[in-house]
$ cat query_32.tsv   # TSV, C-alpha atoms
chain	number	residue	atom	x	y	z
A	1	MET	CA	-20.19	-14.17	46.48
A	2	TYR	CA	-21.32	-11.32	44.24
A	3	LYS	CA	-21.45	-7.80	45.66
A	4	VAL	CA	-24.64	-5.93	44.77
A	5	LEU	CA	-25.44	-2.21	44.95
A	6	LEU	CA	-29.11	-1.12	44.96
A	7	VAL	CA	-30.13	2.33	43.71
A	8	ASP	CA	-33.69	3.68	43.71
A	9	ASP	CA	-35.35	6.83	45.01
A	10	GLU	CA	-38.36	4.87	46.28
A	11	PRO	CA	-37.65	3.27	49.70
A	12	TRP	CA	-40.33	0.61	49.25
A	13	VAL	CA	-38.64	-0.56	46.02
A	14	LEU	CA	-35.30	-0.82	47.81
A	15	ARG	CA	-36.93	-2.84	50.61
A	16	GLY	CA	-38.50	-5.20	48.11
A	17	ILE	CA	-35.26	-5.84	46.23
A	18	ARG	CA	-33.32	-6.22	49.47
A	19	GLY	CA	-35.87	-8.80	50.61
A	20	PHE	CA	-35.37	-10.66	47.34
A	21	PHE	CA	-31.61	-10.86	47.95
A	22	ASN	CA	-32.12	-11.90	51.58
A	23	THR	CA	-33.32	-15.24	50.21
A	24	MET	CA	-30.03	-15.72	48.30
A	25	GLU	CA	-27.44	-14.66	50.86
A	26	GLU	CA	-25.10	-17.49	49.91
A	27	GLU	CA	-24.67	-16.07	46.41
A	28	TYR	CA	-25.16	-12.32	46.81
A	29	SER	CA	-24.22	-9.66	49.32
A	30	VAL	CA	-25.97	-6.27	49.23
A	31	ILE	CA	-23.07	-3.94	50.00
A	32	GLY	CA	-25.01	-0.68	49.87
A	33	GLU	CA	-28.15	1.23	48.97
A	34	ALA	CA	-28.63	4.75	47.61
A	35	GLU	CA	-31.58	6.90	46.61
A	36	ASN	CA	-29.82	8.83	43.83
A	37	GLY	CA	-27.01	8.37	41.36
A	38	ARG	CA	-24.59	10.73	43.06
A	39	ASP	CA	-24.62	8.87	46.37
A	40	ALA	CA	-24.57	5.57	44.50
A	41	LEU	CA	-21.44	6.62	42.61
A	42	GLU	CA	-19.58	7.30	45.87
A	43	LEU	CA	-20.65	3.89	47.18
A	44	ALA	CA	-19.53	2.22	43.96
A	45	LYS	CA	-16.11	3.89	44.11
A	46	ARG	CA	-15.66	2.67	47.66
A	47	GLU	CA	-17.18	-0.83	47.48
A	48	CYS	CA	-16.51	-1.90	43.85
A	49	PRO	CA	-19.77	-3.85	43.31
A	50	ASP	CA	-20.04	-6.69	40.83
A	51	ILE	CA	-23.68	-5.92	40.05
A	52	VAL	CA	-25.66	-2.68	40.19
A	53	ILE	CA	-29.45	-2.58	40.12
A	54	SER	CA	-30.56	0.99	39.47
A	55	ASP	CA	-33.69	2.95	38.69
A	56	ILE	CA	-33.53	5.31	35.72
A	57	ARG	CA	-35.54	8.28	36.98
A	58	MET	CA	-34.00	9.66	40.18
A	59	PRO	CA	-33.29	13.13	41.59
A	60	ASP	CA	-29.87	14.79	41.55
A	61	MET	CA	-28.31	12.25	39.16
A	62	ASP	CA	-30.50	9.88	37.17
A	63	GLY	CA	-29.71	6.27	36.39
A	64	LEU	CA	-28.29	6.87	32.93
A	65	ALA	CA	-25.97	9.63	34.15
A	66	PHE	CA	-24.95	7.34	37.02
A	67	VAL	CA	-24.04	4.48	34.69
A	68	GLU	CA	-22.11	6.85	32.45
A	69	ALA	CA	-20.19	8.06	35.53
A	70	LEU	CA	-19.44	4.45	36.48
A	71	ARG	CA	-17.85	3.85	33.10
A	72	GLU	CA	-15.91	7.13	33.26
A	73	ASN	CA	-14.49	5.96	36.60
A	74	ASN	CA	-13.59	2.58	35.11
A	75	ILE	CA	-16.04	0.72	37.36
A	76	ARG	CA	-16.91	-2.37	35.38
A	77	ALA	CA	-19.96	-3.48	37.37
A	78	ARG	CA	-22.74	-5.27	35.49
A	79	VAL	CA	-25.90	-3.16	35.46
A	80	ILE	CA	-29.60	-4.00	35.58
A	81	MET	CA	-31.65	-0.89	34.85
A	82	LEU	CA	-35.19	-0.50	36.24
A	83	SER	CA	-37.86	1.76	34.82
A	84	GLY	CA	-41.56	2.37	35.27
A	85	TYR	CA	-41.75	3.38	31.63
A	86	ALA	CA	-41.50	1.24	28.50
A	87	GLU	CA	-39.77	4.06	26.63
A	88	PHE	CA	-37.64	3.10	23.67
A	89	GLU	CA	-35.24	6.06	24.05
A	90	TYR	CA	-34.41	5.10	27.64
A	91	ALA	CA	-33.78	1.52	26.62
A	92	ARG	CA	-31.67	2.56	23.64
A	93	ARG	CA	-29.47	4.88	25.72
A	94	ALA	CA	-29.13	2.25	28.44
A	95	LEU	CA	-27.94	-0.34	25.92
A	96	CYS	CA	-25.46	2.16	24.44
A	97	LEU	CA	-23.96	2.54	27.92
A	98	GLY	CA	-23.45	-1.20	28.20
A	99	VAL	CA	-26.35	-1.93	30.55
A	100	ASP	CA	-26.90	-5.68	30.74
A	101	ASN	CA	-30.65	-5.75	31.32
A	102	TYR	CA	-33.56	-3.32	31.21
A	103	LEU	CA	-36.48	-4.41	33.42
A	104	LEU	CA	-39.84	-2.72	33.88
A	105	LYS	CA	-41.53	-1.96	37.18
A	106	PRO	CA	-43.31	-3.41	38.98
A	107	LEU	CA	-40.38	-5.79	39.15
A	108	ASP	CA	-41.06	-9.42	38.35
A	109	ARG	CA	-38.83	-11.55	40.62
A	110	ARG	CA	-38.53	-14.30	38.03
A	111	GLU	CA	-37.30	-11.79	35.43
A	112	LEU	CA	-34.80	-10.40	37.95
A	113	ARG	CA	-33.59	-13.90	38.80
A	114	ASP	CA	-33.15	-14.74	35.12
A	115	ALA	CA	-31.26	-11.48	34.54
A	116	LEU	CA	-28.95	-12.23	37.46
A	117	GLU	CA	-28.26	-15.73	36.16
A	118	ARG	CA	-27.24	-14.34	32.77
A	119	ILE	CA	-24.98	-11.81	34.46
A	120	LYS	CA	-23.40	-14.50	36.65
A	121	THR	CA	-22.66	-16.59	33.58
A	122	GLY	CA	-21.07	-13.58	31.89
A	123	ILE	CA	-18.94	-12.73	34.93
A	124	GLU	CA	-17.69	-16.30	35.24
A	125	LYS	CA	-16.78	-16.40	31.55
A	126	GLU	CA	-14.87	-13.14	31.94
A	127	LYS	CA	-13.01	-14.50	34.97
A	128	GLN	CA	-12.11	-17.68	33.11
A	129	ALA	CA	-10.92	-15.71	30.08
A	130	LYS	CA	-8.82	-13.46	32.32
A	131	GLN	CA	-7.26	-16.47	34.07
A	132	GLU	CA	-6.44	-18.04	30.71
A	133	GLU	CA	-4.95	-14.76	29.51
A	134	GLU	CA	-2.81	-14.42	32.65
A	135	SER	CA	-1.69	-18.03	32.33
A	136	GLU	CA	-0.76	-17.52	28.69
A	137	TYR	CA	1.09	-14.29	29.50
A	138	SER	CA	3.03	-16.07	32.24
A	139	GLU	CA	3.93	-18.89	29.88
A	140	ILE	CA	5.01	-16.51	27.13
A	141	SER	CA	7.17	-14.58	29.59
A	142	ALA	CA	8.80	-17.83	30.69
A	143	ILE	CA	9.44	-18.90	27.09
A	144	MET	CA	11.04	-15.58	26.12
A	145	ALA	CA	13.14	-15.56	29.29
A	146	ASP	CA	14.25	-19.11	28.49
A	147	ILE	CA	15.36	-18.07	25.02
A	148	ASP	CA	17.18	-15.01	26.37
A	149	SER	CA	19.11	-17.10	28.88
A	150	SER	CA	19.86	-20.01	26.51
A	151	TYR	CA	20.34	-18.52	23.04
A	152	THR	CA	24.06	-19.34	22.98
A	153	GLU	CA	23.32	-23.01	23.61
A	154	ASP	CA	22.58	-25.63	21.00
A	155	PHE	CA	18.80	-25.89	21.19
A	156	THR	CA	15.99	-25.95	18.66
A	157	LEU	CA	12.36	-24.89	18.38
A	158	ASN	CA	11.42	-28.56	18.88
A	159	ASP	CA	13.37	-28.68	22.15
A	160	LEU	CA	11.57	-25.61	23.42
A	161	ALA	CA	8.17	-26.94	22.29
A	162	GLU	CA	8.73	-30.22	24.12
A	163	LYS	CA	9.79	-28.40	27.28
A	164	TYR	CA	6.54	-26.40	27.39
A	165	SER	CA	4.32	-29.16	25.97
A	166	LEU	CA	3.35	-27.05	22.97
A	167	SER	CA	3.18	-27.83	19.28
A	168	THR	CA	6.01	-26.31	17.26
A	169	SER	CA	3.52	-24.42	15.08
A	170	HIS	CA	1.84	-22.83	18.12
A	171	LEU	CA	5.17	-21.95	19.73
A	172	SER	CA	6.45	-20.53	16.47
A	173	GLY	CA	3.34	-18.33	16.27
A	174	VAL	CA	3.83	-17.13	19.86
A	175	ILE	CA	7.44	-16.11	19.20
A	176	LYS	CA	6.49	-14.43	15.92
A	177	ARG	CA	3.74	-12.48	17.67
A	178	GLU	CA	6.05	-11.38	20.48
A	179	THR	CA	9.13	-10.47	18.45
A	180	GLY	CA	7.97	-10.00	14.87
A	181	LYS	CA	10.53	-12.66	13.89
A	182	THR	CA	10.73	-16.41	13.51
A	183	PHE	CA	12.43	-18.44	16.24
A	184	THR	CA	15.57	-18.81	14.10
A	185	GLU	CA	15.67	-15.09	13.28
A	186	HIS	CA	15.16	-14.07	16.91
A	187	VAL	CA	17.88	-16.39	18.20
A	188	ALA	CA	20.22	-15.31	15.40
A	189	GLU	CA	19.75	-11.65	16.25
A	190	ARG	CA	20.53	-12.24	19.91
A	191	ARG	CA	23.61	-14.27	18.97
A	192	ILE	CA	24.95	-11.75	16.47
A	193	ARG	CA	24.49	-8.82	18.88
A	194	LYS	CA	26.48	-10.79	21.44
A	195	ALA	CA	29.07	-11.69	18.81
A	196	GLU	CA	29.59	-8.00	18.08
A	197	GLN	CA	30.56	-7.49	21.71
A	198	TYR	CA	33.01	-10.41	21.67
A	199	LEU	CA	34.60	-9.28	18.39
A	200	ARG	CA	35.70	-6.08	20.07
A	201	ASN	CA	38.11	-8.20	22.09
A	202	GLU	CA	41.15	-9.21	20.02
A	203	ARG	CA	41.88	-12.19	22.25
A	204	TYR	CA	39.13	-14.23	20.54
A	205	SER	CA	39.37	-15.48	16.97
A	206	VAL	CA	36.32	-15.14	14.72
A	207	ALA	CA	35.74	-18.89	14.90
A	208	GLU	CA	35.92	-18.79	18.69
A	209	VAL	CA	33.40	-15.96	18.82
A	210	GLY	CA	31.07	-17.99	16.62
A	211	ARG	CA	31.27	-20.96	18.98
A	212	MET	CA	30.81	-18.73	22.02
A	213	VAL	CA	27.47	-17.47	20.72
A	214	GLY	CA	26.24	-20.89	19.60
A	215	TYR	CA	27.48	-21.29	16.03
A	216	HIS	CA	29.84	-24.26	15.67
A	217	ASP	CA	29.85	-23.93	11.89
A	218	TYR	CA	32.09	-20.99	10.95
A	219	TYR	CA	30.43	-20.43	7.58
A	220	TYR	CA	26.93	-20.50	9.06
A	221	PHE	CA	28.03	-17.94	11.64
A	222	THR	CA	29.52	-15.72	8.94
A	223	LYS	CA	26.34	-16.02	6.87
A	224	TRP	CA	24.09	-14.84	9.70
A	225	PHE	CA	26.51	-12.14	10.79
A	226	LYS	CA	26.65	-10.68	7.29
A	227	LYS	CA	22.88	-10.95	6.89
A	228	LEU	CA	22.25	-8.93	10.05
A	229	THR	CA	25.13	-6.45	9.93
A	230	GLY	CA	25.90	-6.16	6.23
A	231	MET	CA	29.51	-7.32	6.66
A	232	THR	CA	31.53	-10.36	7.66
A	233	PRO	CA	32.77	-10.74	11.26
A	234	SER	CA	36.34	-10.13	10.10
A	235	LYS	CA	35.42	-6.90	8.34
A	236	TYR	CA	33.42	-5.79	11.36
A	237	ARG	CA	36.49	-6.28	13.53
A	238	ARG	CA	38.80	-4.49	11.07
A	239	ASP	CA	36.43	-1.54	10.69
A	240	ARG	CA	36.14	-1.11	14.43
A	241	LYS	CA	39.89	-1.33	14.86
A	242	GLU	CA	40.51	1.33	12.21
A	243	LYS	CA	37.79	3.54	13.64
A	244	PHE	CA	39.34	3.61	17.11
A	245	GLN	CA	43.00	3.80	16.09

$ encode --input "query_32.tsv" --output "structure tokens"
Amino acid sequence: MYKVLLVDDEPWVLRGIRGFFNTMEEEYSVIGEAENGRDALELAKRECPDIVISDIRMPDMDGLAFVEALRENNIRARVIMLSGYAEFEYARRALCLGVDNYLLKPLDRRELRDALERIKTGIEKEKQAKQEEESEYSEISAIMADIDSSYTEDFTLNDLAEKYSLSTSHLSGVIKRETGKTFTEHVAERRIRKAEQYLRNERYSVAEVGRMVGYHDYYYFTKWFKKLTGMTPSKYRRDRKEKFQ
């Protein structure tokens, strides 16, 4: 059900459009009517319409000023603008404000129906895109949380890709986009930061620290540690010990 707001300073025009929507009550609900842009803006703030059908020339606040106020208030309703004048400047300004359609009076019902169908299609595409975006965001959040909770374990990009039914290339791109690093670099950074914490405790040997953060190969651990800190794990421990003596 799409919520529709009607705006026109001529009562007979409002009655005609309302009658048009009365024949399509299963798809559209007229949630309000106003005879000027100022009153229409208050209705729009309160009711959040999906579609606005508004005249251009009205007292107090005209249609163009009304649409501009809608955008300033972050009301993303689709707009069909009505005018009794085929004036290029009106049409140009309306299009600049993001108006979806510009129809001339007297209103042709077939043109209005076609305009509404195009708007419906656009709204549904936006909804679908938003759902896909939310789904992707949720999946990305789950992936990053999974890495953060499992980085000390022995797992690979392939393991993660299989778990989320993604190709390794796509998953690699997701991680790169989120962190600015490859999967291996991101995991290594998390491991080395954790290793720094463990190295502050003398009870663990360097090799033990490496295993605790996921590196079972001592030399591979040392290589990554030096790459990210500029020193070996042993030197890191010695420097800290001397610093705090």

$ closest_residue --input "query_32.tsv" --among "A:Leu64, A:Val7, A:Lys120, A:Thr229" --to "Cys96 (chain A)" --atoms "all atoms listed in the file"
A:Leu64

$ residues_around --input "query_32.tsv" --residues "Ser165 (chain A)" --least-positions-apart "6" --cutoff "12 Å" --atoms "all atoms listed in the file" --output "list in words"
Glu139, Ile143, Leu157, Asn158, Asp159 and Leu171 of chain A

$ residues_around --input "query_32.tsv" --residues "region 52-61 of chain A" --least-positions-apart "2" --cutoff "9 Å" --atoms "all atoms listed in the file" --output "JSON, numbers by chain"
{"A": [3, 4, 5, 6, 7, 8, 9, 10, 35, 36, 37, 38, 39, 44, 49, 50, 63, 64, 65, 66, 67, 77, 78, 79, 80, 81, 82, 83, 84, 90]}

$ closest_residue --input "query_32.tsv" --among "A:Leu104, A:Leu160, A:Ile147, A:Val174" --to "Val187 (chain A)" --atoms "only C-alpha atoms"
A:Ile147

$ closest_residue --input "query_32.tsv" --among "A:Gln197, A:Thr232, A:Thr152, A:Ser172" --to "Gly214 (chain A)" --atoms "only C-alpha atoms"
A:Thr152

$ residues_around --input "query_32.tsv" --residues "Ile17 (chain A)" --least-positions-apart "3" --cutoff "9 Å" --atoms "all atoms listed in the file" --output "NGL selection string"
:A and (6 or 12-14 or 20-22 or 107 or 109)

$ atom_distance --input "query_32.tsv" --atom1 "CA of Ala40 (chain A)" --atom2 "CA of Ile75 (chain A)"
12.1 Å

$ residues_around --input "query_32.tsv" --residues "Asn73 (chain A)" --least-positions-apart "3" --cutoff "10 Å" --atoms "all atoms listed in the file" --output "ChimeraX atom specification"
/A:41,44-45,67-70,76

$ closest_residue --input "query_32.tsv" --among "A:Thr156, A:Ser141, A:Lys181, A:Ser234" --to "Tyr218 (chain A)" --atoms "only C-alpha atoms"
A:Ser234

$ atom_distance --input "query_32.tsv" --atom1 "CA of Thr179 (chain A)" --atom2 "CA of Phe225 (chain A)"
19.1 Å

$ closest_residue --input "query_32.tsv" --among "A:Tyr102, A:Tyr151, A:Tyr137, A:Tyr204" --to "Glu178 (chain A)" --atoms "all atoms listed in the file"
A:Tyr137

$ atom_distance --input "query_32.tsv" --atom1 "CA of Tyr236 (chain A)" --atom2 "CA of Arg190 (chain A)"
16.8 Å

$ closest_residue --input "query_32.tsv" --among "A:Arg191, A:Thr23, A:Arg110, A:Arg237" --to "Ser150 (chain A)" --atoms "only C-alpha atoms"
A:Arg191
